[in-house]
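K.L.:
I am attaching a structure below and will ask some questions about it afterwards.
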Amino acid sequence: MKNIIKISSLLLACSLIQVSCNDSFLDRKPLDEVPSEMYFEKPLDLEIYMNQFYTANNFPKYQNHGNDYDSDDMVGATVDLRLQGTRVVPAVGNIDFSQIRALNYFLVNHKRIEGKYDFKIYQQYVGEAYYFKAVSYFNLLKAYGDIQWLDKDLGTSSPELYNPRTPRALVADRIIGCLDTAAMYLTPERTNGYSRVNKWIALLMKSRVALYEGTWQKYHKEDKFAALNADPDKYLQQAVAASELVMGSGIYSVYKTGNPSEDYKNLFNRRDYTTNNEVLYWRKYDNQLSRGDGSFTNDRNFRMSQPLGKSLTKQMVDSYLCTDGKSITGNPLFQGYTDIAQEFTDRDPRLNQTVATRDQIWKIAANGTTQKWSEIYNTLNKNADLNAPTGYVIQKGYDPQLIYHVQQYEETPSILFRYAEVLLNYAEAKAELGVLTQTDINRTINLLRDRVGMPHLDIGNIAMDSKWDYPLLSPAINEIRRERRVELVGEGFRWDDIARWAAADELIIGKRPKGFLASQITQNPFPIDNSGFLDPFKNALPQGYGFVSGRDYLNAIPENQLRLNKSLKQNPGWGPE
């Protein structure tokens, strides 16, 4: 959908009716170019203006098969350029401030109605403006690091456009300040979860931003990306505080029905999340609202019935614990890789609720007839639609009921924010601060493990793992990072985690994604390593990923932008700085 907010206001409908007969309506200037004296006259104007930010860019849907193809968790048909290390400085391009400009326009000009109406009537929309400004800047911070902070309603010739870049720590402080203001103004009501953002979403975002910046400053403190005046603990403490507010609200909880073999999988294939207490915000699709006018494309179940060249990596699958709460390393419960059923035996139930196995249901017809995933595995890698480069076929987010498989106009919703992230942010921030307690783990990690019937994490009795990804870090941090990886796989967090942990050295450089033993399938167009495991990028990346650790954590500033603004300096590793 072009706009995912459901417009239900009678007043708004009346406004649209009034202008629909006016021939000049389609010739109007964009809302952020309308003179404020002509537009910001009443609270409804503020609501209509803010509706434009409820877009697919600000609320990206859960993609078919998941969103982590820029990481070590998932493999697509092509190699990610960042991981490959083959990106170049763009000759032309823009650092997109358009949304920030539109929000600054609102924040300056909405004040025209001050004194005319009670602020409580329209404070929601002011809170939304601060929220979207924070999100816009957070995206720029992750992409570029230091970035110009703009507060004024600027024109095309405003001298502030030629300012140097603002240091990232100051940008992070201002992002968090915007989120604090947003949380103060936004509704504390849970709402239906898909129409408008609320206070708790702003606080979740604050915990995300603060954890990102705190760990970035901690783990990049000695490299080219170190923050000026770094103070990682300040941000980690803010991440804890924001998470605690959401946790203490009593509004949200971990979704479970007492069925540990299905609950995790079923969380992601619901038809409606209005009353789901784990979901803070979700994206609703409604054919009646869009009237089949082509305003959205959504076909997740239809597409996920085949792998379409996408699959989970062996590295990701190996990270799932056994049912005794210990890793597969030297564990007698781990039965080896001979076939996928054997490999998944006695493993964390989230594994076979994320990756399909042969004996699980693939399709359910309207008459109740079922088919199993064995039909896919028996023809795996036969053609492009059936290709799974690593062999591990993804089912997280998939519903086998064929009545919900629709090409283009599928009304399958997407979870955008969920409570599990709050719990994981809290536990990680506490661990990074060195103040994590068993009580903290019981309030967070162990609630997620309870859903799937896994043993509790006991931070005083963590079994050593010789294959921990981060052997120089504490056992608690290693296990919390593992839990985050397993719980959030496919939800688009993994690259950001690798970046903020400065973990490409451990996870990316010189490595290739592997798959299961090729002997399990009869047809295979992909290379195989010396041990018989699928090695899909063996030919494309003979030396493994070429990620450049002194360059690729941030994007390059386009050359034309450096020429336009002589105060800008290039990011590390991309040329003259």
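All residue names refer to the structure tokens as shown: chains lettered A, B, ... in order, residues numbered from 1 in each chain, ligands numbered from 1 in order.
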What residues in region 207-375 of chain A get the DSSP label alpha helix (DSSP H)? Please answer as a compact mmCIF listing (two decimals) with all heavy atoms, in the first residue's frame.
P.N.:
```txt
# COMPACT_ATOMS: atom_id res chain seq x y z
N SER A 207 15.07 2.34 22.93
CA SER A 207 15.94 1.25 23.39
C SER A 207 16.80 0.73 22.25
O SER A 207 17.96 0.38 22.44
CB SER A 207 15.10 0.12 24.02
OG SER A 207 14.48 -0.70 23.05
N ARG A 208 16.24 0.68 21.05
CA ARG A 208 16.98 0.21 19.87
C ARG A 208 18.10 1.17 19.51
O ARG A 208 19.24 0.75 19.28
CB ARG A 208 16.02 0.05 18.68
CG ARG A 208 16.66 -0.52 17.44
CD ARG A 208 15.72 -0.53 16.25
NE ARG A 208 14.57 -1.42 16.43
CZ ARG A 208 13.64 -1.62 15.51
NH1 ARG A 208 13.73 -0.98 14.33
NH2 ARG A 208 12.62 -2.42 15.73
N VAL A 209 17.78 2.45 19.46
CA VAL A 209 18.79 3.46 19.11
C VAL A 209 19.90 3.50 20.16
O VAL A 209 21.10 3.52 19.83
CB VAL A 209 18.13 4.85 18.98
CG1 VAL A 209 19.19 5.94 18.82
CG2 VAL A 209 17.16 4.88 17.81
N ALA A 210 19.52 3.52 21.44
CA ALA A 210 20.50 3.63 22.51
C ALA A 210 21.39 2.40 22.57
O ALA A 210 22.61 2.51 22.80
CB ALA A 210 19.79 3.84 23.85
N LEU A 211 20.82 1.21 22.37
CA LEU A 211 21.65 0.00 22.35
C LEU A 211 22.60 0.02 21.17
O LEU A 211 23.77 -0.35 21.28
CB LEU A 211 20.75 -1.24 22.28
CG LEU A 211 21.47 -2.58 22.26
CD1 LEU A 211 22.24 -2.81 23.55
CD2 LEU A 211 20.48 -3.72 22.02
N TYR A 212 22.09 0.46 20.02
CA TYR A 212 22.94 0.53 18.82
C TYR A 212 24.12 1.46 19.07
O TYR A 212 25.28 1.10 18.84
CB TYR A 212 22.11 1.02 17.63
CG TYR A 212 22.86 0.97 16.31
CD1 TYR A 212 22.70 -0.12 15.46
CD2 TYR A 212 23.73 1.98 15.92
CE1 TYR A 212 23.39 -0.19 14.25
CE2 TYR A 212 24.42 1.92 14.72
CZ TYR A 212 24.25 0.83 13.89
OH TYR A 212 24.94 0.76 12.70
N GLU A 213 23.83 2.67 19.54
CA GLU A 213 24.91 3.65 19.70
C GLU A 213 25.86 3.25 20.83
O GLU A 213 27.08 3.41 20.72
CB GLU A 213 24.33 5.04 19.95
CG GLU A 213 25.37 6.15 19.98
CD GLU A 213 26.15 6.27 18.67
OE1 GLU A 213 25.67 5.80 17.62
OE2 GLU A 213 27.26 6.86 18.71
N GLY A 214 25.30 2.71 21.92
CA GLY A 214 26.16 2.30 23.03
C GLY A 214 27.14 1.21 22.63
O GLY A 214 28.33 1.27 22.96
N THR A 215 26.65 0.20 21.92
CA THR A 215 27.55 -0.88 21.51
C THR A 215 28.47 -0.44 20.37
O THR A 215 29.62 -0.87 20.30
CB THR A 215 26.75 -2.13 21.12
OG1 THR A 215 25.70 -1.78 20.21
CG2 THR A 215 26.15 -2.80 22.35
N TRP A 216 27.97 0.42 19.48
CA TRP A 216 28.86 0.96 18.43
C TRP A 216 30.04 1.68 19.08
O TRP A 216 31.21 1.45 18.73
CB TRP A 216 28.09 1.91 17.52
CG TRP A 216 28.95 2.50 16.43
CD1 TRP A 216 29.89 3.49 16.55
CD2 TRP A 216 28.99 2.09 15.05
NE1 TRP A 216 30.49 3.74 15.34
CE2 TRP A 216 29.97 2.90 14.41
CE3 TRP A 216 28.30 1.15 14.31
CZ2 TRP A 216 30.25 2.77 13.05
CZ3 TRP A 216 28.59 1.03 12.95
CH2 TRP A 216 29.55 1.83 12.34
N GLN A 217 29.76 2.56 20.02
CA GLN A 217 30.84 3.32 20.65
C GLN A 217 31.77 2.41 21.44
O GLN A 217 32.98 2.65 21.51
CB GLN A 217 30.25 4.40 21.56
CG GLN A 217 29.56 5.52 20.80
CD GLN A 217 29.19 6.70 21.67
OE1 GLN A 217 29.64 6.81 22.82
NE2 GLN A 217 28.37 7.61 21.14
N LYS A 218 31.25 1.35 22.02
CA LYS A 218 32.08 0.43 22.80
C LYS A 218 32.99 -0.41 21.91
O LYS A 218 34.20 -0.55 22.19
CB LYS A 218 31.19 -0.49 23.63
CG LYS A 218 31.95 -1.48 24.50
CD LYS A 218 31.01 -2.26 25.41
CE LYS A 218 31.79 -3.25 26.29
NZ LYS A 218 30.89 -3.96 27.25
N TYR A 219 32.45 -0.96 20.83
CA TYR A 219 33.22 -1.91 20.03
C TYR A 219 33.98 -1.28 18.87
O TYR A 219 34.84 -1.93 18.28
CB TYR A 219 32.31 -3.04 19.56
CG TYR A 219 31.87 -3.91 20.72
CD1 TYR A 219 30.59 -3.83 21.23
CD2 TYR A 219 32.77 -4.78 21.32
CE1 TYR A 219 30.20 -4.59 22.32
CE2 TYR A 219 32.40 -5.56 22.40
CZ TYR A 219 31.11 -5.46 22.90
OH TYR A 219 30.74 -6.22 23.99
N PRO A 232 29.83 5.10 25.92
CA PRO A 232 28.90 4.01 25.65
C PRO A 232 27.96 3.69 26.80
O PRO A 232 26.79 3.37 26.57
CB PRO A 232 29.82 2.83 25.32
CG PRO A 232 31.17 3.21 25.82
CD PRO A 232 31.23 4.69 25.75
N ASP A 233 28.43 3.78 28.02
CA ASP A 233 27.58 3.42 29.15
C ASP A 233 26.35 4.32 29.25
O ASP A 233 25.28 3.88 29.67
CB ASP A 233 28.37 3.47 30.45
CG ASP A 233 29.28 2.26 30.63
OD1 ASP A 233 29.35 1.42 29.70
OD2 ASP A 233 29.95 2.16 31.68
N LYS A 234 26.51 5.57 28.86
CA LYS A 234 25.37 6.50 28.90
C LYS A 234 24.23 5.97 28.04
O LYS A 234 23.05 5.96 28.47
CB LYS A 234 25.79 7.88 28.41
CG LYS A 234 24.65 8.88 28.34
CD LYS A 234 25.11 10.24 27.83
CE LYS A 234 25.36 10.25 26.33
NZ LYS A 234 25.64 11.61 25.81
N TYR A 235 24.56 5.49 26.87
CA TYR A 235 23.53 4.99 25.95
C TYR A 235 22.98 3.65 26.42
O TYR A 235 21.78 3.39 26.32
CB TYR A 235 24.10 4.90 24.54
CG TYR A 235 24.52 6.25 24.00
CD1 TYR A 235 25.85 6.61 24.01
CD2 TYR A 235 23.58 7.17 23.55
CE1 TYR A 235 26.26 7.86 23.54
CE2 TYR A 235 23.97 8.41 23.09
CZ TYR A 235 25.31 8.76 23.09
OH TYR A 235 25.69 10.00 22.65
N LEU A 236 23.86 2.79 26.92
CA LEU A 236 23.39 1.49 27.40
C LEU A 236 22.43 1.66 28.57
O LEU A 236 21.43 0.94 28.68
CB LEU A 236 24.59 0.63 27.79
CG LEU A 236 25.52 0.25 26.63
CD1 LEU A 236 26.80 -0.39 27.15
CD2 LEU A 236 24.81 -0.70 25.66
N GLN A 237 22.70 2.62 29.42
CA GLN A 237 21.78 2.90 30.54
C GLN A 237 20.43 3.42 30.02
O GLN A 237 19.38 3.07 30.57
CB GLN A 237 22.42 3.90 31.49
CG GLN A 237 23.56 3.32 32.30
CD GLN A 237 24.47 4.38 32.92
OE1 GLN A 237 24.24 5.59 32.77
NE2 GLN A 237 25.51 3.94 33.62
N GLN A 238 20.48 4.21 28.97
CA GLN A 238 19.23 4.70 28.37
C GLN A 238 18.45 3.55 27.73
O GLN A 238 17.22 3.54 27.77
CB GLN A 238 19.53 5.79 27.35
CG GLN A 238 20.03 7.08 27.98
CD GLN A 238 20.44 8.11 26.94
OE1 GLN A 238 21.06 7.79 25.94
NE2 GLN A 238 20.08 9.36 27.18
N ALA A 239 19.16 2.59 27.14
CA ALA A 239 18.49 1.43 26.56
C ALA A 239 17.78 0.63 27.64
O ALA A 239 16.65 0.17 27.46
CB ALA A 239 19.51 0.55 25.82
N VAL A 240 18.45 0.47 28.77
CA VAL A 240 17.84 -0.25 29.90
C VAL A 240 16.60 0.50 30.38
O VAL A 240 15.53 -0.09 30.58
CB VAL A 240 18.85 -0.40 31.06
CG1 VAL A 240 18.15 -0.88 32.33
CG2 VAL A 240 19.96 -1.36 30.66
N ALA A 241 16.73 1.80 30.58
CA ALA A 241 15.61 2.58 31.12
C ALA A 241 14.40 2.57 30.20
O ALA A 241 13.26 2.42 30.66
CB ALA A 241 16.07 4.02 31.37
N ALA A 242 14.63 2.72 28.89
CA ALA A 242 13.51 2.71 27.95
C ALA A 242 12.84 1.35 27.92
O ALA A 242 11.60 1.25 27.91
CB ALA A 242 14.01 3.09 26.55
N SER A 243 13.64 0.28 27.92
CA SER A 243 13.07 -1.07 27.92
C SER A 243 12.26 -1.32 29.18
O SER A 243 11.18 -1.91 29.14
CB SER A 243 14.19 -2.11 27.80
OG SER A 243 14.93 -1.94 26.61
N GLU A 244 12.79 -0.86 30.31
CA GLU A 244 12.09 -1.06 31.59
C GLU A 244 10.72 -0.41 31.59
O GLU A 244 9.77 -0.95 32.17
CB GLU A 244 12.94 -0.52 32.74
CG GLU A 244 14.03 -1.47 33.19
CD GLU A 244 14.76 -0.97 34.42
OE1 GLU A 244 15.03 0.25 34.49
OE2 GLU A 244 15.05 -1.79 35.32
N LEU A 245 10.61 0.75 30.96
CA LEU A 245 9.31 1.43 30.91
C LEU A 245 8.29 0.60 30.14
O LEU A 245 7.13 0.49 30.55
CB LEU A 245 9.46 2.81 30.29
CG LEU A 245 10.16 3.87 31.16
CD1 LEU A 245 10.42 5.14 30.36
CD2 LEU A 245 9.34 4.18 32.41
N VAL A 246 8.72 0.02 29.02
CA VAL A 246 7.80 -0.83 28.25
C VAL A 246 7.45 -2.09 29.05
O VAL A 246 6.29 -2.49 29.13
CB VAL A 246 8.40 -1.20 26.89
CG1 VAL A 246 7.39 -2.02 26.07
CG2 VAL A 246 8.79 0.05 26.10
N MET A 247 8.47 -2.70 29.63
CA MET A 247 8.25 -3.92 30.41
C MET A 247 7.35 -3.66 31.61
O MET A 247 6.53 -4.51 31.99
CB MET A 247 9.60 -4.48 30.86
CG MET A 247 10.46 -5.00 29.71
SD MET A 247 12.23 -5.15 30.13
CE MET A 247 12.16 -6.42 31.39
N GLY A 248 7.50 -2.49 32.21
CA GLY A 248 6.71 -2.16 33.39
C GLY A 248 5.31 -1.68 33.09
O GLY A 248 4.50 -1.52 34.01
N ASP A 263 4.00 -22.51 18.86
CA ASP A 263 3.70 -21.12 19.21
C ASP A 263 4.60 -20.11 18.52
O ASP A 263 4.13 -19.05 18.08
CB ASP A 263 3.76 -20.92 20.73
CG ASP A 263 2.50 -21.40 21.43
OD1 ASP A 263 1.49 -21.64 20.73
OD2 ASP A 263 2.52 -21.53 22.67
N TYR A 264 5.90 -20.38 18.45
CA TYR A 264 6.81 -19.43 17.79
C TYR A 264 6.45 -19.29 16.31
O TYR A 264 6.32 -18.18 15.79
CB TYR A 264 8.25 -19.91 17.95
CG TYR A 264 9.28 -19.03 17.30
CD1 TYR A 264 9.69 -17.83 17.88
CD2 TYR A 264 9.87 -19.39 16.08
CE1 TYR A 264 10.65 -17.02 17.28
CE2 TYR A 264 10.83 -18.59 15.47
CZ TYR A 264 11.21 -17.41 16.07
OH TYR A 264 12.16 -16.61 15.46
N LYS A 265 6.24 -20.40 15.63
CA LYS A 265 5.87 -20.36 14.21
C LYS A 265 4.54 -19.65 14.02
O LYS A 265 4.40 -18.80 13.12
CB LYS A 265 5.80 -21.78 13.65
CG LYS A 265 5.38 -21.84 12.18
CD LYS A 265 5.48 -23.25 11.62
CE LYS A 265 4.40 -24.16 12.19
NZ LYS A 265 4.41 -25.50 11.56
N ASN A 266 3.59 -19.96 14.86
CA ASN A 266 2.24 -19.40 14.69
C ASN A 266 2.18 -17.90 14.97
O ASN A 266 1.29 -17.22 14.47
CB ASN A 266 1.24 -20.14 15.58
CG ASN A 266 0.96 -21.55 15.08
OD1 ASN A 266 1.22 -21.87 13.91
ND2 ASN A 266 0.42 -22.39 15.94
N LEU A 267 3.11 -17.39 15.77
CA LEU A 267 3.14 -15.95 16.01
C LEU A 267 3.26 -15.19 14.69
O LEU A 267 2.66 -14.12 14.53
CB LEU A 267 4.32 -15.59 16.92
CG LEU A 267 4.63 -14.10 17.08
CD1 LEU A 267 3.46 -13.36 17.75
CD2 LEU A 267 5.92 -13.90 17.88
N ASN A 287 -8.00 -5.42 1.22
CA ASN A 287 -8.39 -5.24 -0.17
C ASN A 287 -9.61 -4.34 -0.32
O ASN A 287 -9.76 -3.65 -1.32
CB ASN A 287 -8.67 -6.60 -0.82
CG ASN A 287 -7.39 -7.32 -1.22
OD1 ASN A 287 -6.47 -6.71 -1.73
ND2 ASN A 287 -7.33 -8.61 -0.98
N GLN A 288 -10.49 -4.36 0.68
CA GLN A 288 -11.66 -3.49 0.59
C GLN A 288 -11.26 -2.03 0.69
O GLN A 288 -11.78 -1.17 0.00
CB GLN A 288 -12.66 -3.84 1.69
CG GLN A 288 -13.36 -5.18 1.48
CD GLN A 288 -14.45 -5.41 2.50
OE1 GLN A 288 -14.42 -4.87 3.60
NE2 GLN A 288 -15.43 -6.22 2.12
N LEU A 289 -10.27 -1.76 1.55
CA LEU A 289 -9.80 -0.39 1.70
C LEU A 289 -9.11 0.09 0.44
O LEU A 289 -9.29 1.22 -0.01
CB LEU A 289 -8.85 -0.30 2.90
CG LEU A 289 -8.32 1.09 3.23
CD1 LEU A 289 -9.44 2.02 3.66
CD2 LEU A 289 -7.26 1.01 4.32
N SER A 290 -8.27 -0.81 -0.15
CA SER A 290 -7.52 -0.40 -1.34
C SER A 290 -8.34 -0.58 -2.62
O SER A 290 -7.94 -0.09 -3.67
CB SER A 290 -6.23 -1.21 -1.46
OG SER A 290 -6.53 -2.56 -1.74
N ARG A 300 3.08 -13.03 0.32
CA ARG A 300 4.07 -13.78 1.07
C ARG A 300 3.83 -15.28 1.06
O ARG A 300 4.73 -16.07 0.76
CB ARG A 300 4.15 -13.27 2.51
CG ARG A 300 5.31 -13.90 3.28
CD ARG A 300 5.56 -13.16 4.57
NE ARG A 300 4.68 -13.58 5.63
CZ ARG A 300 4.13 -12.78 6.52
NH1 ARG A 300 4.35 -11.48 6.45
NH2 ARG A 300 3.35 -13.23 7.48
N ASN A 301 2.64 -15.72 1.42
CA ASN A 301 2.37 -17.16 1.45
C ASN A 301 2.48 -17.78 0.07
O ASN A 301 3.02 -18.88 -0.10
CB ASN A 301 0.98 -17.43 2.03
CG ASN A 301 0.90 -17.10 3.51
OD1 ASN A 301 1.82 -17.39 4.27
ND2 ASN A 301 -0.19 -16.48 3.92
N PHE A 302 1.96 -17.07 -0.92
CA PHE A 302 2.03 -17.56 -2.30
C PHE A 302 3.49 -17.79 -2.71
O PHE A 302 3.82 -18.83 -3.30
CB PHE A 302 1.35 -16.54 -3.22
CG PHE A 302 1.42 -16.88 -4.68
CD1 PHE A 302 0.55 -17.81 -5.23
CD2 PHE A 302 2.35 -16.28 -5.51
CE1 PHE A 302 0.60 -18.13 -6.59
CE2 PHE A 302 2.42 -16.58 -6.86
CZ PHE A 302 1.53 -17.51 -7.40
N ARG A 303 4.37 -16.85 -2.38
CA ARG A 303 5.78 -16.96 -2.77
C ARG A 303 6.54 -17.96 -1.90
O ARG A 303 7.41 -18.69 -2.38
CB ARG A 303 6.46 -15.59 -2.70
CG ARG A 303 5.88 -14.56 -3.66
CD ARG A 303 6.05 -14.95 -5.11
NE ARG A 303 5.41 -14.00 -6.00
CZ ARG A 303 5.25 -14.18 -7.30
NH1 ARG A 303 5.68 -15.31 -7.87
NH2 ARG A 303 4.66 -13.27 -8.04
N MET A 304 6.23 -17.99 -0.61
CA MET A 304 7.00 -18.84 0.30
C MET A 304 6.68 -20.33 0.16
O MET A 304 7.35 -21.16 0.78
CB MET A 304 6.79 -18.40 1.75
CG MET A 304 7.50 -17.12 2.12
SD MET A 304 7.43 -16.76 3.89
CE MET A 304 8.52 -18.05 4.53
N LYS A 314 24.06 -22.61 7.05
CA LYS A 314 24.49 -23.61 8.03
C LYS A 314 25.00 -22.92 9.30
O LYS A 314 24.77 -23.40 10.42
CB LYS A 314 25.58 -24.49 7.44
CG LYS A 314 26.13 -25.56 8.39
CD LYS A 314 27.18 -26.41 7.69
CE LYS A 314 27.73 -27.49 8.63
NZ LYS A 314 28.52 -26.88 9.73
N GLN A 315 25.70 -21.79 9.13
CA GLN A 315 26.19 -21.06 10.29
C GLN A 315 25.05 -20.65 11.21
O GLN A 315 25.17 -20.72 12.44
CB GLN A 315 26.98 -19.81 9.84
CG GLN A 315 28.31 -20.13 9.16
CD GLN A 315 28.21 -20.25 7.66
OE1 GLN A 315 27.20 -20.71 7.12
NE2 GLN A 315 29.26 -19.83 6.96
N MET A 316 23.94 -20.22 10.61
CA MET A 316 22.77 -19.85 11.41
C MET A 316 22.17 -21.08 12.08
O MET A 316 21.88 -21.07 13.29
CB MET A 316 21.73 -19.19 10.49
CG MET A 316 20.41 -18.83 11.17
SD MET A 316 20.57 -17.54 12.41
CE MET A 316 19.56 -18.20 13.73
N VAL A 317 22.00 -22.16 11.34
CA VAL A 317 21.40 -23.37 11.88
C VAL A 317 22.26 -23.95 13.00
O VAL A 317 21.74 -24.42 14.03
CB VAL A 317 21.18 -24.40 10.76
CG1 VAL A 317 20.74 -25.75 11.32
CG2 VAL A 317 20.12 -23.88 9.77
N ASP A 318 23.56 -23.88 12.86
CA ASP A 318 24.46 -24.41 13.89
C ASP A 318 24.36 -23.64 15.20
O ASP A 318 24.76 -24.15 16.26
CB ASP A 318 25.91 -24.37 13.40
CG ASP A 318 26.25 -25.51 12.45
OD1 ASP A 318 25.44 -26.44 12.32
OD2 ASP A 318 27.33 -25.45 11.84
N ILE A 340 18.49 -33.84 7.35
CA ILE A 340 17.96 -32.69 8.08
C ILE A 340 17.11 -33.12 9.28
O ILE A 340 17.13 -32.46 10.32
CB ILE A 340 17.18 -31.75 7.12
CG1 ILE A 340 16.94 -30.40 7.77
CG2 ILE A 340 15.89 -32.39 6.67
CD1 ILE A 340 16.39 -29.36 6.81
N ALA A 341 16.41 -34.23 9.17
CA ALA A 341 15.61 -34.70 10.30
C ALA A 341 16.52 -35.07 11.47
O ALA A 341 16.22 -34.75 12.63
CB ALA A 341 14.78 -35.91 9.88
N GLN A 342 17.63 -35.74 11.17
CA GLN A 342 18.58 -36.10 12.20
C GLN A 342 19.22 -34.85 12.80
O GLN A 342 19.37 -34.72 14.02
CB GLN A 342 19.65 -37.00 11.59
CG GLN A 342 20.67 -37.54 12.57
CD GLN A 342 21.73 -38.37 11.85
OE1 GLN A 342 22.38 -37.88 10.92
NE2 GLN A 342 21.89 -39.62 12.25
N GLU A 343 19.58 -33.91 11.94
CA GLU A 343 20.24 -32.68 12.38
C GLU A 343 19.36 -31.87 13.33
O GLU A 343 19.85 -31.22 14.26
CB GLU A 343 20.61 -31.84 11.16
CG GLU A 343 21.40 -30.59 11.47
CD GLU A 343 21.72 -29.78 10.23
OE1 GLU A 343 21.40 -30.23 9.10
OE2 GLU A 343 22.30 -28.69 10.37
N PHE A 344 18.05 -31.91 13.10
CA PHE A 344 17.12 -31.09 13.88
C PHE A 344 16.60 -31.82 15.12
O PHE A 344 15.89 -31.21 15.93
CB PHE A 344 15.94 -30.68 13.01
CG PHE A 344 16.26 -29.60 12.00
CD1 PHE A 344 17.57 -29.29 11.67
CD2 PHE A 344 15.25 -28.90 11.37
CE1 PHE A 344 17.86 -28.31 10.73
CE2 PHE A 344 15.52 -27.92 10.44
CZ PHE A 344 16.84 -27.62 10.11
N SER A 374 8.11 -32.54 2.01
CA SER A 374 8.91 -33.52 1.29
C SER A 374 8.78 -33.35 -0.22
O SER A 374 9.72 -33.64 -0.97
CB SER A 374 8.50 -34.94 1.69
OG SER A 374 7.13 -35.16 1.44
N GLU A 375 7.63 -32.84 -0.69
CA GLU A 375 7.44 -32.61 -2.12
C GLU A 375 8.41 -31.56 -2.64
O GLU A 375 8.83 -31.61 -3.80
CB GLU A 375 5.99 -32.22 -2.41
CG GLU A 375 4.98 -33.32 -2.08
CD GLU A 375 3.57 -32.99 -2.54
OE1 GLU A 375 3.44 -32.40 -3.64
OE2 GLU A 375 2.62 -33.31 -1.81
```
K.L.:
I need the strand (DSSP E or B) residues of region 315-556 of chain A per DSSP on the backbone, written as a list of chain:residue names.
P.N.:
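Listing strand (DSSP E or B) positions across region 315-556 of chain A yields A:Cys322, A:Arg347, A:Val355, A:Ile361, A:Trp362, A:Lys363, A:Ile364, A:Thr370, A:Gln371, A:Lys372, A:Tyr392, A:Ile394, A:Gln401, A:Tyr409, A:Ser414, A:Ile415, A:Leu416, A:Phe417, A:Arg418, A:Ile509, A:Leu517, A:Ile528, A:Phe533, A:Leu534, A:Tyr545.
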K.L.:
For each of A:Asp72, A:Asp469, A:Glu278, A:Glu479, take the minimum atom-to-atom distance to Arg418 (chain A), counting only C-alpha atoms, then give the residue where this is smallest.
P.N.:
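Among A:Asp72, A:Asp469, A:Glu278, A:Glu479, it is A:Glu278 that comes nearest to Arg418 (chain A).
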K.L.:
With only C-alpha atoms as the atoms that count, which of A:Gly76, A:Pro576, A:Gly177, A:Pro349 lies nearest to Glu559 (chain A)?
P.N.:
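Using only C-alpha atoms, the shortest distance to Glu559 (chain A) belongs to A:Pro576.
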K.L.:
Of the residues A:Ala143, A:Ile403, A:Ile175, A:Leu448, which is the one nearest to Pro260 (chain A), using only C-alpha atoms?
P.N.:
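Under the stated criterion, the closest residue is A:Leu448.
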K.L.:
Can you work out which one of A:Ser567, A:Ser549, A:Thr329, A:Asn524 has the shortest atom-to-atom distance to Glu506 (chain A), counting only C-alpha atoms?
P.N.:
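Once distances to Glu506 (chain A) are computed over only C-alpha atoms, the minimum belongs to A:Ser549.
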K.L.:
What separation in Å, quoted to one decimal, exists between CA of Ser305 (chain A) and CA of Trp373 (chain A)?
P.N.:
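For CA of Ser305 (chain A) relative to CA of Trp373 (chain A), the distance reads 9.1 Å.
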K.L.:
To one decimal place in Å, what is the distance between CA of Thr323 (chain A) and CA of Thr439 (chain A)?
P.N.:
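For CA of Thr323 (chain A) relative to CA of Thr439 (chain A), the distance reads 22.2 Å.
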K.L.:
List as number ranges by chain the protein and nucleic acid residues near region 538-545 of chain A, meaning an atom at most 8 Å away when only C-alpha atoms are counted, but skip any in the same chain fewer than 2 places from it.
P.N.:
A: 83-85, 508-512, 527-529, 535-536, 547
K.L.:
Using only C-alpha atoms, which residue out of A:Ile95, A:Leu46, A:Leu228, A:Ala77 lies closest to Asn560 (chain A)?
P.N.:
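Answer, going by the shortest atom-to-atom distance: A:Ile95.
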K.L.:
Rank A:Gly66, A:Gly336, A:Gly573, A:Pro389 by their smallest atom-to-atom distance to Ser311 (chain A), using only C-alpha atoms, and report the top residue only.
P.N.:
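Using only C-alpha atoms, the shortest distance to Ser311 (chain A) belongs to A:Pro389.
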K.L.:
So that I can check the surroundings of Ile361 (chain A), please list as an MDAnalysis selection string every protein, DNA and RNA residue that reaches within 12 Å of it, counting only C-alpha atoms and ignoring chain neighbours fewer than 6 positions away.
P.N.:
chainID A and resid 305 352:353 368:376 395 398:402
K.L.:
In Å, rounded to a single decimal, give me how far CA of Arg481 (chain A) is from CA of Gly434 (chain A).
P.N.:
14.8 Å
